[in-house]
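As stored in start-v1.json (JSON, C-alpha atoms):
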[["chain", "number", "residue", "atom", "x", "y", "z"],
["D", 174, "MET", "CA", 114.05, 124.03, 119.76],
["D", 175, "PHE", "CA", 115.66, 121.20, 117.81],
["D", 176, "VAL", "CA", 113.74, 118.56, 119.77],
["D", 177, "LEU", "CA", 110.48, 120.47, 119.31],
["D", 178, "GLY", "CA", 111.17, 120.81, 115.59],
["D", 179, "ALA", "CA", 111.99, 117.11, 115.25],
["D", 180, "VAL", "CA", 108.67, 116.21, 116.91],
["D", 181, "PHE", "CA", 106.76, 118.45, 114.50],
["D", 182, "GLY", "CA", 108.86, 117.10, 111.62],
["D", 183, "SER", "CA", 107.59, 113.61, 112.39],
["D", 184, "PHE", "CA", 104.06, 115.02, 112.60],
["D", 185, "ALA", "CA", 104.45, 116.85, 109.26],
["D", 186, "CYS", "CA", 105.66, 113.76, 107.40],
["D", 187, "CYS", "CA", 102.73, 111.76, 108.79],
["D", 188, "GLN", "CA", 100.29, 114.48, 107.72],
["D", 189, "ALA", "CA", 101.67, 114.44, 104.18],
["D", 190, "TRP", "CA", 100.71, 110.75, 103.91],
["D", 191, "ARG", "CA", 97.31, 111.38, 105.46],
["D", 192, "TRP", "CA", 96.70, 114.24, 103.04],
["D", 193, "ARG", "CA", 97.64, 111.98, 100.13],
["D", 194, "TYR", "CA", 95.16, 109.30, 101.26],
["D", 195, "ARG", "CA", 92.47, 111.94, 101.68],
["D", 196, "ILE", "CA", 92.99, 113.35, 98.18],
["D", 197, "GLN", "CA", 92.98, 109.87, 96.63],
["D", 198, "GLY", "CA", 89.82, 108.93, 98.53],
["D", 199, "LYS", "CA", 91.48, 106.00, 100.28],
["D", 200, "LYS", "CA", 90.53, 104.64, 103.67],
["D", 201, "PRO", "CA", 91.94, 106.88, 106.44],
["D", 202, "LEU", "CA", 95.08, 105.61, 108.13],
["D", 203, "GLY", "CA", 93.59, 106.02, 111.61],
["D", 204, "LYS", "CA", 94.75, 108.07, 114.55],
["D", 205, "ARG", "CA", 98.00, 106.17, 115.18],
["D", 206, "SER", "CA", 101.04, 105.99, 112.89],
["D", 207, "VAL", "CA", 101.30, 102.76, 110.91],
["D", 208, "CYS", "CA", 103.79, 100.97, 108.65],
["D", 209, "MET", "CA", 102.77, 101.61, 105.04],
["D", 210, "SER", "CA", 103.74, 98.03, 104.07],
["D", 211, "CYS", "CA", 102.19, 95.77, 106.73],
["D", 212, "LYS", "CA", 99.90, 98.32, 108.51],
["D", 213, "TYR", "CA", 101.59, 97.56, 111.84],
["D", 214, "THR", "CA", 100.53, 100.19, 114.39],
["D", 215, "LEU", "CA", 103.66, 101.83, 115.74],
["D", 216, "LYS", "CA", 104.29, 101.79, 119.48],
["D", 217, "TRP", "CA", 105.44, 104.94, 121.23],
["D", 218, "TYR", "CA", 109.04, 103.69, 121.26],
["D", 219, "ASP", "CA", 108.88, 103.18, 117.48],
["D", 220, "ASN", "CA", 107.87, 106.80, 117.02],
["D", 221, "VAL", "CA", 110.57, 108.77, 118.86],
["D", 222, "PRO", "CA", 111.87, 111.33, 116.34],
["D", 223, "VAL", "CA", 115.31, 110.58, 114.86],
["D", 224, "ILE", "CA", 116.24, 108.05, 117.58],
["D", 225, "SER", "CA", 113.68, 105.37, 116.60],
["D", 226, "TRP", "CA", 114.61, 105.59, 112.90],
["D", 227, "ILE", "CA", 118.29, 105.12, 113.74],
["D", 228, "MET", "CA", 117.66, 102.28, 116.22],
["D", 229, "LEU", "CA", 115.44, 100.48, 113.70],
["D", 230, "ARG", "CA", 117.92, 101.25, 110.89],
["D", 231, "GLY", "CA", 115.14, 102.74, 108.82],
["D", 232, "LYS", "CA", 113.03, 99.55, 108.80],
["D", 233, "CYS", "CA", 109.69, 98.44, 110.19],
["D", 234, "ARG", "CA", 110.06, 96.51, 113.45],
["D", 235, "LYS", "CA", 107.49, 93.88, 112.35],
["D", 236, "CYS", "CA", 107.92, 93.27, 108.60],
["D", 237, "GLY", "CA", 111.45, 94.60, 108.13],
["D", 238, "LYS", "CA", 110.53, 96.68, 105.08],
["D", 239, "LYS", "CA", 112.36, 99.96, 104.61],
["D", 240, "ILE", "CA", 110.57, 102.99, 106.05],
["D", 241, "GLY", "CA", 112.23, 105.44, 103.70],
["D", 242, "TYR", "CA", 114.22, 108.63, 104.17],
["D", 243, "ALA", "CA", 111.39, 111.17, 104.16],
["D", 244, "GLU", "CA", 110.74, 110.57, 107.85],
["D", 245, "ILE", "CA", 114.30, 111.05, 109.11],
["D", 246, "LEU", "CA", 114.94, 113.97, 106.76],
["D", 247, "SER", "CA", 111.78, 115.80, 107.81],
["D", 248, "GLU", "CA", 112.64, 115.29, 111.49],
["D", 249, "LEU", "CA", 116.25, 116.42, 111.11],
["D", 250, "GLY", "CA", 115.32, 119.19, 108.69],
["D", 251, "LEU", "CA", 112.54, 120.78, 110.72],
["D", 252, "GLY", "CA", 114.53, 120.27, 113.92],
["D", 253, "THR", "CA", 117.40, 122.21, 112.39],
["D", 254, "ALA", "CA", 115.02, 124.88, 111.06],
["D", 255, "PHE", "CA", 113.45, 125.34, 114.52],
["D", 256, "ALA", "CA", 116.92, 125.61, 116.07],
["D", 257, "MET", "CA", 117.94, 128.25, 113.52],
["D", 258, "ILE", "CA", 114.76, 130.27, 114.08],
["D", 259, "GLY", "CA", 115.36, 129.93, 117.82],
["D", 260, "HIS", "CA", 118.84, 131.36, 117.35],
["D", 261, "VAL", "CA", 117.51, 134.33, 115.37],
["D", 262, "TYR", "CA", 114.35, 135.13, 117.39],
["D", 263, "VAL", "CA", 113.94, 133.16, 120.62],
["D", 264, "VAL", "CA", 117.41, 133.65, 122.13],
["D", 265, "PRO", "CA", 117.42, 137.48, 121.63],
["D", 266, "THR", "CA", 113.85, 137.65, 122.98],
["D", 267, "ILE", "CA", 114.88, 135.85, 126.18],
["D", 268, "TYR", "CA", 118.10, 137.88, 126.47],
["D", 269, "TYR", "CA", 116.32, 141.24, 126.14],
["D", 270, "TRP", "CA", 113.15, 140.17, 127.94],
["D", 271, "THR", "CA", 113.34, 142.87, 130.62],
["D", 272, "VAL", "CA", 113.67, 145.59, 127.98],
["D", 273, "LEU", "CA", 110.94, 144.13, 125.75],
["D", 274, "ALA", "CA", 108.61, 143.77, 128.74],
["D", 275, "THR", "CA", 108.45, 147.57, 128.97],
["D", 276, "LYS", "CA", 106.71, 147.52, 125.58],
["D", 277, "PRO", "CA", 104.02, 144.84, 126.02],
["D", 278, "MET", "CA", 102.39, 145.41, 122.63],
["D", 279, "SER", "CA", 105.70, 145.06, 120.75],
["D", 280, "LEU", "CA", 106.54, 141.98, 122.81],
["D", 281, "ALA", "CA", 103.16, 140.41, 122.06],
["D", 282, "ILE", "CA", 103.63, 141.03, 118.32],
["D", 283, "LEU", "CA", 107.13, 139.53, 118.45],
["D", 284, "VAL", "CA", 105.91, 136.39, 120.22],
["D", 285, "ALA", "CA", 103.02, 136.08, 117.75],
["D", 286, "THR", "CA", 105.45, 136.42, 114.84],
["D", 287, "ILE", "CA", 107.67, 133.66, 116.21],
["D", 288, "VAL", "CA", 104.72, 131.31, 116.77],
["D", 289, "LEU", "CA", 103.27, 131.94, 113.29],
["D", 290, "LEU", "CA", 106.69, 131.49, 111.71],
["D", 291, "LEU", "CA", 107.09, 128.10, 113.39],
["D", 292, "ILE", "CA", 103.58, 127.07, 112.30],
["D", 293, "MET", "CA", 104.44, 128.17, 108.77],
["D", 294, "LEU", "CA", 107.56, 125.99, 108.84],
["D", 295, "VAL", "CA", 105.46, 122.97, 109.82],
["D", 296, "VAL", "CA", 103.08, 123.58, 106.89],
["D", 297, "LEU", "CA", 106.06, 124.12, 104.57],
["D", 298, "THR", "CA", 107.48, 120.78, 105.68],
["D", 299, "ILE", "CA", 104.20, 119.02, 104.86],
["D", 300, "LEU", "CA", 104.27, 120.66, 101.44],
["D", 301, "SER", "CA", 107.96, 119.78, 100.95],
["D", 302, "VAL", "CA", 107.41, 116.11, 101.76],
["D", 303, "TYR", "CA", 104.34, 116.00, 99.52],
["D", 304, "ASP", "CA", 106.17, 117.70, 96.65],
["D", 305, "ALA", "CA", 109.25, 115.49, 96.99],
["D", 306, "LYS", "CA", 107.19, 112.27, 97.01],
["D", 307, "TRP", "CA", 104.40, 113.00, 94.54],
["D", 308, "GLY", "CA", 105.43, 116.16, 92.68],
["D", 309, "GLU", "CA", 102.32, 118.06, 93.74],
["D", 310, "LEU", "CA", 101.43, 120.90, 96.12],
["D", 311, "PRO", "CA", 97.88, 120.70, 97.59],
["D", 312, "VAL", "CA", 95.95, 123.91, 96.91],
["D", 313, "LEU", "CA", 94.41, 124.19, 100.39],
["D", 314, "LEU", "CA", 97.85, 123.98, 102.05],
["D", 315, "LEU", "CA", 99.18, 126.59, 99.63],
["D", 316, "VAL", "CA", 96.32, 128.93, 100.57],
["D", 317, "LEU", "CA", 97.10, 128.34, 104.24],
["D", 318, "VAL", "CA", 100.81, 129.05, 103.88],
["D", 319, "VAL", "CA", 100.19, 132.21, 101.82],
["D", 320, "SER", "CA", 97.76, 133.40, 104.50],
["D", 321, "LEU", "CA", 100.39, 132.79, 107.19],
["D", 322, "GLY", "CA", 102.97, 134.71, 105.17],
["D", 323, "ALA", "CA", 100.58, 137.63, 104.74],
["D", 324, "VAL", "CA", 99.79, 137.75, 108.47],
["D", 325, "ILE", "CA", 103.50, 137.68, 109.36],
["D", 326, "LEU", "CA", 104.07, 140.60, 107.00],
["D", 327, "GLY", "CA", 101.14, 142.41, 108.60],
["D", 328, "LEU", "CA", 102.75, 141.96, 112.04],
["D", 329, "LYS", "CA", 106.01, 143.38, 110.71],
["D", 330, "ILE", "CA", 104.14, 146.42, 109.40],
["D", 331, "TRP", "CA", 102.44, 146.83, 112.80],
["D", 332, "THR", "CA", 105.81, 146.67, 114.55],
["D", 333, "THR", "CA", 107.24, 149.26, 112.19],
["D", 334, "ILE", "CA", 104.32, 151.60, 112.95],
["D", 335, "LEU", "CA", 104.81, 151.17, 116.71],
["D", 336, "ASP", "CA", 108.53, 151.92, 116.34],
["D", 337, "ASP", "CA", 107.84, 154.99, 114.16],
["D", 338, "GLY", "CA", 109.67, 153.33, 111.27],
["D", 339, "ASP", "CA", 109.32, 153.84, 107.54],
["D", 340, "VAL", "CA", 106.27, 151.78, 106.57],
["D", 341, "LEU", "CA", 106.47, 152.84, 102.91],
["D", 342, "GLN", "CA", 110.04, 151.58, 102.64],
["D", 343, "LEU", "CA", 109.00, 148.26, 104.19],
["D", 344, "LEU", "CA", 106.12, 147.88, 101.75],
["D", 345, "ILE", "CA", 108.32, 148.70, 98.76],
["D", 346, "SER", "CA", 110.90, 146.17, 99.93],
["D", 347, "ALA", "CA", 108.21, 143.51, 100.50],
["D", 348, "VAL", "CA", 106.61, 144.07, 97.07],
["D", 349, "SER", "CA", 110.06, 143.96, 95.45],
["D", 350, "GLY", "CA", 110.74, 140.69, 97.25],
["D", 351, "VAL", "CA", 107.51, 139.23, 95.91],
["D", 352, "ALA", "CA", 108.49, 140.31, 92.39],
["D", 353, "ILE", "CA", 111.94, 138.76, 92.76],
["D", 354, "LEU", "CA", 110.99, 135.46, 94.36],
["D", 355, "ALA", "CA", 107.45, 134.72, 93.21],
["D", 356, "GLY", "CA", 107.80, 136.67, 89.94],
["D", 357, "VAL", "CA", 110.85, 134.72, 88.77],
["D", 358, "CYS", "CA", 109.24, 131.39, 89.69],
["D", 359, "TRP", "CA", 106.06, 132.37, 87.83],
["D", 360, "ALA", "CA", 108.07, 133.42, 84.75],
["D", 361, "ILE", "CA", 109.96, 130.10, 84.71],
["D", 362, "TYR", "CA", 106.70, 128.20, 85.19],
["D", 363, "LYS", "CA", 105.05, 129.98, 82.27],
["D", 364, "ALA", "CA", 108.07, 129.97, 79.93],
["D", 365, "SER", "CA", 108.79, 126.25, 80.42],
["D", 366, "ASN", "CA", 105.17, 125.04, 80.37],
["D", 367, "GLU", "CA", 105.71, 123.41, 83.78],
["D", 368, "ARG", "CA", 108.77, 121.44, 82.58],
["D", 369, "LEU", "CA", 111.18, 123.33, 84.87],
["D", 370, "MET", "CA", 108.81, 124.51, 87.59],
["D", 371, "GLY", "CA", 105.31, 123.57, 88.66],
["D", 372, "GLY", "CA", 102.33, 125.87, 89.05],
["D", 373, "GLY", "CA", 102.34, 125.54, 92.83],
["D", 374, "ASP", "CA", 105.99, 126.56, 93.19],
["D", 375, "TRP", "CA", 105.41, 130.23, 92.44],
["D", 376, "ILE", "CA", 102.53, 130.32, 94.97],
["D", 377, "LEU", "CA", 104.83, 128.76, 97.56],
["D", 378, "ALA", "CA", 107.45, 131.37, 96.65],
["D", 379, "LEU", "CA", 104.80, 134.07, 97.14],
["D", 380, "ALA", "CA", 104.15, 132.85, 100.70],
["D", 381, "ILE", "CA", 107.85, 132.83, 101.50],
["D", 382, "ALA", "CA", 108.40, 136.30, 100.02],
["D", 383, "LEU", "CA", 105.53, 137.71, 102.08],
["D", 384, "ALA", "CA", 106.92, 136.18, 105.28],
["D", 385, "ILE", "CA", 110.42, 137.51, 104.56],
["D", 386, "GLY", "CA", 109.15, 140.99, 103.68],
["D", 387, "ASP", "CA", 112.53, 142.11, 102.35],
["D", 388, "TRP", "CA", 113.80, 142.24, 98.77],
["D", 389, "TRP", "CA", 117.41, 141.54, 99.71],
["D", 390, "LEU", "CA", 116.64, 138.40, 101.72],
["D", 391, "SER", "CA", 114.13, 137.26, 99.07],
["D", 392, "LEU", "CA", 116.90, 137.51, 96.48],
["D", 393, "TRP", "CA", 119.17, 135.39, 98.67],
["D", 394, "ALA", "CA", 116.39, 132.86, 99.33],
["D", 395, "MET", "CA", 115.94, 132.46, 95.56],
["D", 396, "PHE", "CA", 119.69, 132.15, 94.97],
["D", 397, "LEU", "CA", 120.22, 129.60, 97.75],
["D", 398, "ALA", "CA", 117.20, 127.52, 96.72],
["D", 399, "ASN", "CA", 118.45, 127.31, 93.11],
["D", 400, "LEU", "CA", 122.04, 126.66, 94.15],
["D", 401, "LEU", "CA", 121.09, 123.81, 96.50],
["D", 402, "GLY", "CA", 118.66, 122.40, 93.95],
["D", 403, "ASP", "CA", 121.39, 122.30, 91.30],
["D", 404, "ILE", "CA", 124.01, 120.80, 93.61],
["D", 405, "ILE", "CA", 121.82, 118.13, 95.19],
["D", 406, "MET", "CA", 119.43, 117.12, 92.41],
["D", 407, "MET", "CA", 121.01, 117.87, 89.04],
["D", 408, "PRO", "CA", 123.43, 114.90, 88.92],
["D", 409, "SER", "CA", 120.60, 112.40, 89.39],
["D", 410, "LEU", "CA", 118.29, 114.32, 87.05],
["D", 411, "ILE", "CA", 120.92, 114.31, 84.30],
["D", 412, "GLN", "CA", 121.72, 110.63, 84.86],
["D", 413, "LYS", "CA", 118.05, 109.63, 84.64],
["D", 414, "GLY", "CA", 117.32, 112.01, 81.75],
["D", 415, "ASN", "CA", 114.55, 113.62, 83.77],
["D", 416, "HIS", "CA", 114.31, 117.43, 83.74],
["D", 417, "VAL", "CA", 111.60, 117.74, 86.42],
["D", 418, "LEU", "CA", 112.88, 119.29, 89.66],
["D", 419, "HIS", "CA", 110.64, 119.27, 92.73],
["D", 420, "PHE", "CA", 111.51, 122.78, 93.89],
["D", 421, "GLY", "CA", 109.34, 123.02, 97.02],
["D", 422, "PRO", "CA", 111.85, 121.56, 99.51],
["D", 423, "PHE", "CA", 114.62, 123.83, 98.23],
["D", 424, "LEU", "CA", 112.43, 126.93, 98.53],
["D", 425, "MET", "CA", 111.87, 126.08, 102.19],
["D", 426, "ILE", "CA", 115.60, 125.56, 102.78],
["D", 427, "GLY", "CA", 116.39, 128.86, 101.05],
["D", 428, "PHE", "CA", 113.75, 130.56, 103.21],
["D", 429, "VAL", "CA", 115.23, 129.32, 106.49],
["D", 430, "LEU", "CA", 118.81, 130.03, 105.44],
["D", 431, "ALA", "CA", 117.93, 133.57, 104.32],
["D", 432, "ILE", "CA", 116.32, 134.35, 107.68],
["D", 433, "TRP", "CA", 119.18, 132.79, 109.65],
["D", 434, "LEU", "CA", 121.91, 134.51, 107.65],
["D", 435, "GLY", "CA", 119.97, 137.77, 107.33],
["D", 436, "SER", "CA", 122.31, 139.91, 109.41],
["D", 437, "ALA", "CA", 125.44, 138.50, 107.75],
["D", 438, "LEU", "CA", 124.40, 138.52, 104.09],
["D", 439, "PRO", "CA", 125.04, 142.25, 103.42],
["D", 440, "SER", "CA", 128.63, 141.90, 104.69],
["D", 441, "LEU", "CA", 129.13, 138.82, 102.53],
["D", 442, "PHE", "CA", 127.90, 140.84, 99.54],
["D", 443, "ASN", "CA", 130.35, 143.65, 100.30],
["D", 444, "LEU", "CA", 133.24, 141.18, 100.42]]
Would you give me this structure, written as structure tokens?
Amino acid sequence: MFVLGAVFGSFACCQAWRWRYRIQGKKPLGKRSVCMSCKYTLKWYDNVPVISWIMLRGKCRKCGKKIGYAEILSELGLGTAFAMIGHVYVVPTIYYWTVLATKPMSLAILVATIVLLLIMLVVLTILSVYDAKWGELPVLLLVLVVSLGAVILGLKIWTTILDDGDVLQLLISAVSGVAILAGVCWAIYKASNERLMGGGDWILALAIALAIGDWWLSLWAMFLANLLGDIIMMPSLIQKGNHVLHFGPFLMIGFVLAIWLGSALPSLFNL
């Protein structure tokens, strides 16, 4: 799962650049990955996730210019996210396969949920790279990620119906999660006139809240995103006198951590 995530992390970072060129109306970069400085077309051995960046020490093989950290961070980040999702969903699915196979519809919904969640993580990575580099969140990608979140929530509702669960309780929890995560981001966006949070951040938070479908985990996602944002970015923001925080990457991290720690968070709260 880590290797698969690292591959898609490399793909996501590349797509962020391609999306930027498309929006700016520049000449397309072509089908193959290239160095942004000298336009050298990367060979396959220059494009192995994580390994190539380390072997090249973060520089272009031809011109020696620095590649940057977005590539290695997106590969390591999405690789870790895939591994964490694999731990939460894929491993139990394989372990209980014989039991789940007796309920083919539930199994199909579970597999579909896992696949859509991984696709959503890829889109979130594209958005995170784009937000971190240029401080923007493309509208079309936001619509896509919200749609994915809504479909994942729909699959959870379907599973609850098949298991004779409490659908009303699930809906109340999901709506409360949207209010907590997206509502708070929207309030900060409006109150600060985009100085503390951009207009796309609350839409991104909406997508994440829909995919989580739980008020408790949405609360933790919001807390973890803010905590990590403060710890990682605030020193540099204070030093540079800049109060703009690109919140997209931290929302994604909070999302993955909330899902991964979902079963443990209530016990941590009780402590």
### Query
With all atoms listed in the file as the basis for distance, which of D:Arg205, D:Lys306, D:His260, D:Lys363 is at the shortest distance from D:Leu430?
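Of the candidates, the smallest distance to D:Leu430 is held by D:His260.
You will find atom CA of D:Phe428 at 8.0 Å from atom CA of D:Ala398.
Within the 10 Å cut-off around D:Leu377, using all atoms listed in the file and omitting residues fewer than 5 positions from it on the same chain, the listed residues are Leu297, Leu300, Leu310, Leu314, Leu315, Val316, Val318, Val319, Gly322, Leu354, Ala355, Cys358, Gly372, Ala382, Phe420, Gly421, Leu424 and Met425 of chain D.
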Any chance you can output those residues with C-alpha atoms as a short mmCIF file (atom, residue, chain, number, x, y, z; two decimals), keeping the file's coordinate frame?
data_model
loop_
_atom_site.label_atom_id
_atom_site.label_comp_id
_atom_site.auth_asym_id
_atom_site.auth_seq_id
_atom_site.Cartn_x
_atom_site.Cartn_y
_atom_site.Cartn_z
CA LEU D 297 106.06 124.12 104.57
CA LEU D 300 104.27 120.66 101.44
CA LEU D 310 101.43 120.90 96.12
CA LEU D 314 97.85 123.98 102.05
CA LEU D 315 99.18 126.59 99.63
CA VAL D 316 96.32 128.93 100.57
CA VAL D 318 100.81 129.05 103.88
CA VAL D 319 100.19 132.21 101.82
CA GLY D 322 102.97 134.71 105.17
CA LEU D 354 110.99 135.46 94.36
CA ALA D 355 107.45 134.72 93.21
CA CYS D 358 109.24 131.39 89.69
CA GLY D 372 102.33 125.87 89.05
CA ALA D 382 108.40 136.30 100.02
CA PHE D 420 111.51 122.78 93.89
CA GLY D 421 109.34 123.02 97.02
CA LEU D 424 112.43 126.93 98.53
CA MET D 425 111.87 126.08 102.19
#
### Message
Env of D:Phe423: 12 Å cut, atoms = all atoms listed in the file, seq-sep filter 2 positions within chain, self excluded. Answer as a PyMOL selection string.
### Response
chain D and resi 250+297-298+300-302+304-305+374+377-378+381+394-406+418-421+425-431
### Sel. within 12 Å of pt (107.0, 137.2, 119.7), counting all atoms listed in the file, output as a PyMOL selection string
chain D and resi 258-259+261-267+270+273-274+276-291+325+328-329+332
## Note on the structure
atom CA of D:Ala185 to atom CA of D:Ile299 measures 4.9 Å
### Query
In Å, how far is it from atom CA of D:Tyr269 to atom CA of D:Leu434?
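So the two atoms, atom CA of D:Tyr269 and atom CA of D:Leu434, lie 20.5 Å apart.
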Would you list the residues near (110.7, 139.3, 97.1), meaning any protein, DNA or RNA residue with an atom at most 9 Å from that point in file coordinates, counting only C-alpha atoms, as an mmCIF file with C-alpha atoms, keeping the file's coordinate frame?
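The resulting file, out_9.cif, is shown below:
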data_model
loop_
_atom_site.group_PDB
_atom_site.id
_atom_site.type_symbol
_atom_site.label_atom_id
_atom_site.label_comp_id
_atom_site.auth_asym_id
_atom_site.auth_seq_id
_atom_site.Cartn_x
_atom_site.Cartn_y
_atom_site.Cartn_z
ATOM 1 C CA SER D 346 110.900 146.170 99.930
ATOM 2 C CA ALA D 347 108.210 143.510 100.500
ATOM 3 C CA VAL D 348 106.610 144.070 97.070
ATOM 4 C CA SER D 349 110.060 143.960 95.450
ATOM 5 C CA GLY D 350 110.740 140.690 97.250
ATOM 6 C CA VAL D 351 107.510 139.230 95.910
ATOM 7 C CA ALA D 352 108.490 140.310 92.390
ATOM 8 C CA ILE D 353 111.940 138.760 92.760
ATOM 9 C CA LEU D 354 110.990 135.460 94.360
ATOM 10 C CA ALA D 355 107.450 134.720 93.210
ATOM 11 C CA GLY D 356 107.800 136.670 89.940
ATOM 12 C CA ALA D 378 107.450 131.370 96.650
ATOM 13 C CA LEU D 379 104.800 134.070 97.140
ATOM 14 C CA ILE D 381 107.850 132.830 101.500
ATOM 15 C CA ALA D 382 108.400 136.300 100.020
ATOM 16 C CA LEU D 383 105.530 137.710 102.080
ATOM 17 C CA ILE D 385 110.420 137.510 104.560
ATOM 18 C CA GLY D 386 109.150 140.990 103.680
ATOM 19 C CA ASP D 387 112.530 142.110 102.350
ATOM 20 C CA TRP D 388 113.800 142.240 98.770
ATOM 21 C CA TRP D 389 117.410 141.540 99.710
ATOM 22 C CA LEU D 390 116.640 138.400 101.720
ATOM 23 C CA SER D 391 114.130 137.260 99.070
ATOM 24 C CA LEU D 392 116.900 137.510 96.480
ATOM 25 C CA ALA D 394 116.390 132.860 99.330
ATOM 26 C CA MET D 395 115.940 132.460 95.560
#
#### Entry: Nearest candidate to D:Cys186 (options D:Leu321, D:Met228, D:Ile245, D:Cys233; using only C-alpha atoms)
D:Ile245
Using the incomplete input, complete stretch 228-243 of chain D to the level of N, CA and C atoms; output as a tab-separated table (two decimals), in the frame of the given file.
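For reference, rebuild.tsv as written:
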chain	number	residue	atom	x	y	z
D	228	MET	N	117.64	103.56	115.50
D	228	MET	CA	117.66	102.28	116.22
D	228	MET	C	117.08	101.16	115.36
D	229	LEU	N	116.06	101.48	114.56
D	229	LEU	CA	115.44	100.48	113.70
D	229	LEU	C	116.14	100.37	112.34
D	230	ARG	N	117.16	101.21	112.14
D	230	ARG	CA	117.92	101.25	110.89
D	230	ARG	C	117.02	101.50	109.68
D	231	GLY	N	116.02	102.35	109.91
D	231	GLY	CA	115.14	102.74	108.82
D	231	GLY	C	114.22	101.65	108.33
D	232	LYS	N	113.89	100.67	109.20
D	232	LYS	CA	113.03	99.55	108.80
D	232	LYS	C	111.89	99.38	109.79
D	233	CYS	N	110.82	98.75	109.32
D	233	CYS	CA	109.69	98.44	110.19
D	233	CYS	C	110.09	97.35	111.18
D	234	ARG	N	109.72	97.50	112.43
D	234	ARG	CA	110.06	96.51	113.45
D	234	ARG	C	109.43	95.14	113.15
D	235	LYS	N	108.22	95.13	112.55
D	235	LYS	CA	107.49	93.88	112.35
D	235	LYS	C	107.85	93.19	111.03
D	236	CYS	N	107.72	93.92	109.90
D	236	CYS	CA	107.92	93.27	108.60
D	236	CYS	C	109.32	93.46	108.02
D	237	GLY	N	110.08	94.39	108.58
D	237	GLY	CA	111.45	94.60	108.13
D	237	GLY	C	111.59	95.39	106.85
D	238	LYS	N	110.46	95.88	106.30
D	238	LYS	CA	110.53	96.68	105.08
D	238	LYS	C	111.10	98.07	105.40
D	239	LYS	N	111.77	98.65	104.42
D	239	LYS	CA	112.36	99.96	104.61
D	239	LYS	C	111.29	101.03	104.81
D	240	ILE	N	111.51	101.91	105.77
D	240	ILE	CA	110.57	102.99	106.05
D	240	ILE	C	110.73	104.10	105.02
D	241	GLY	N	111.95	104.36	104.62
D	241	GLY	CA	112.23	105.44	103.70
D	241	GLY	C	112.97	106.57	104.40
D	242	TYR	N	113.42	107.54	103.62
D	242	TYR	CA	114.22	108.63	104.17
D	242	TYR	C	113.43	109.90	104.43
D	243	ALA	N	112.19	109.96	103.96
D	243	ALA	CA	111.39	111.17	104.16
D	243	ALA	C	111.20	111.46	105.64
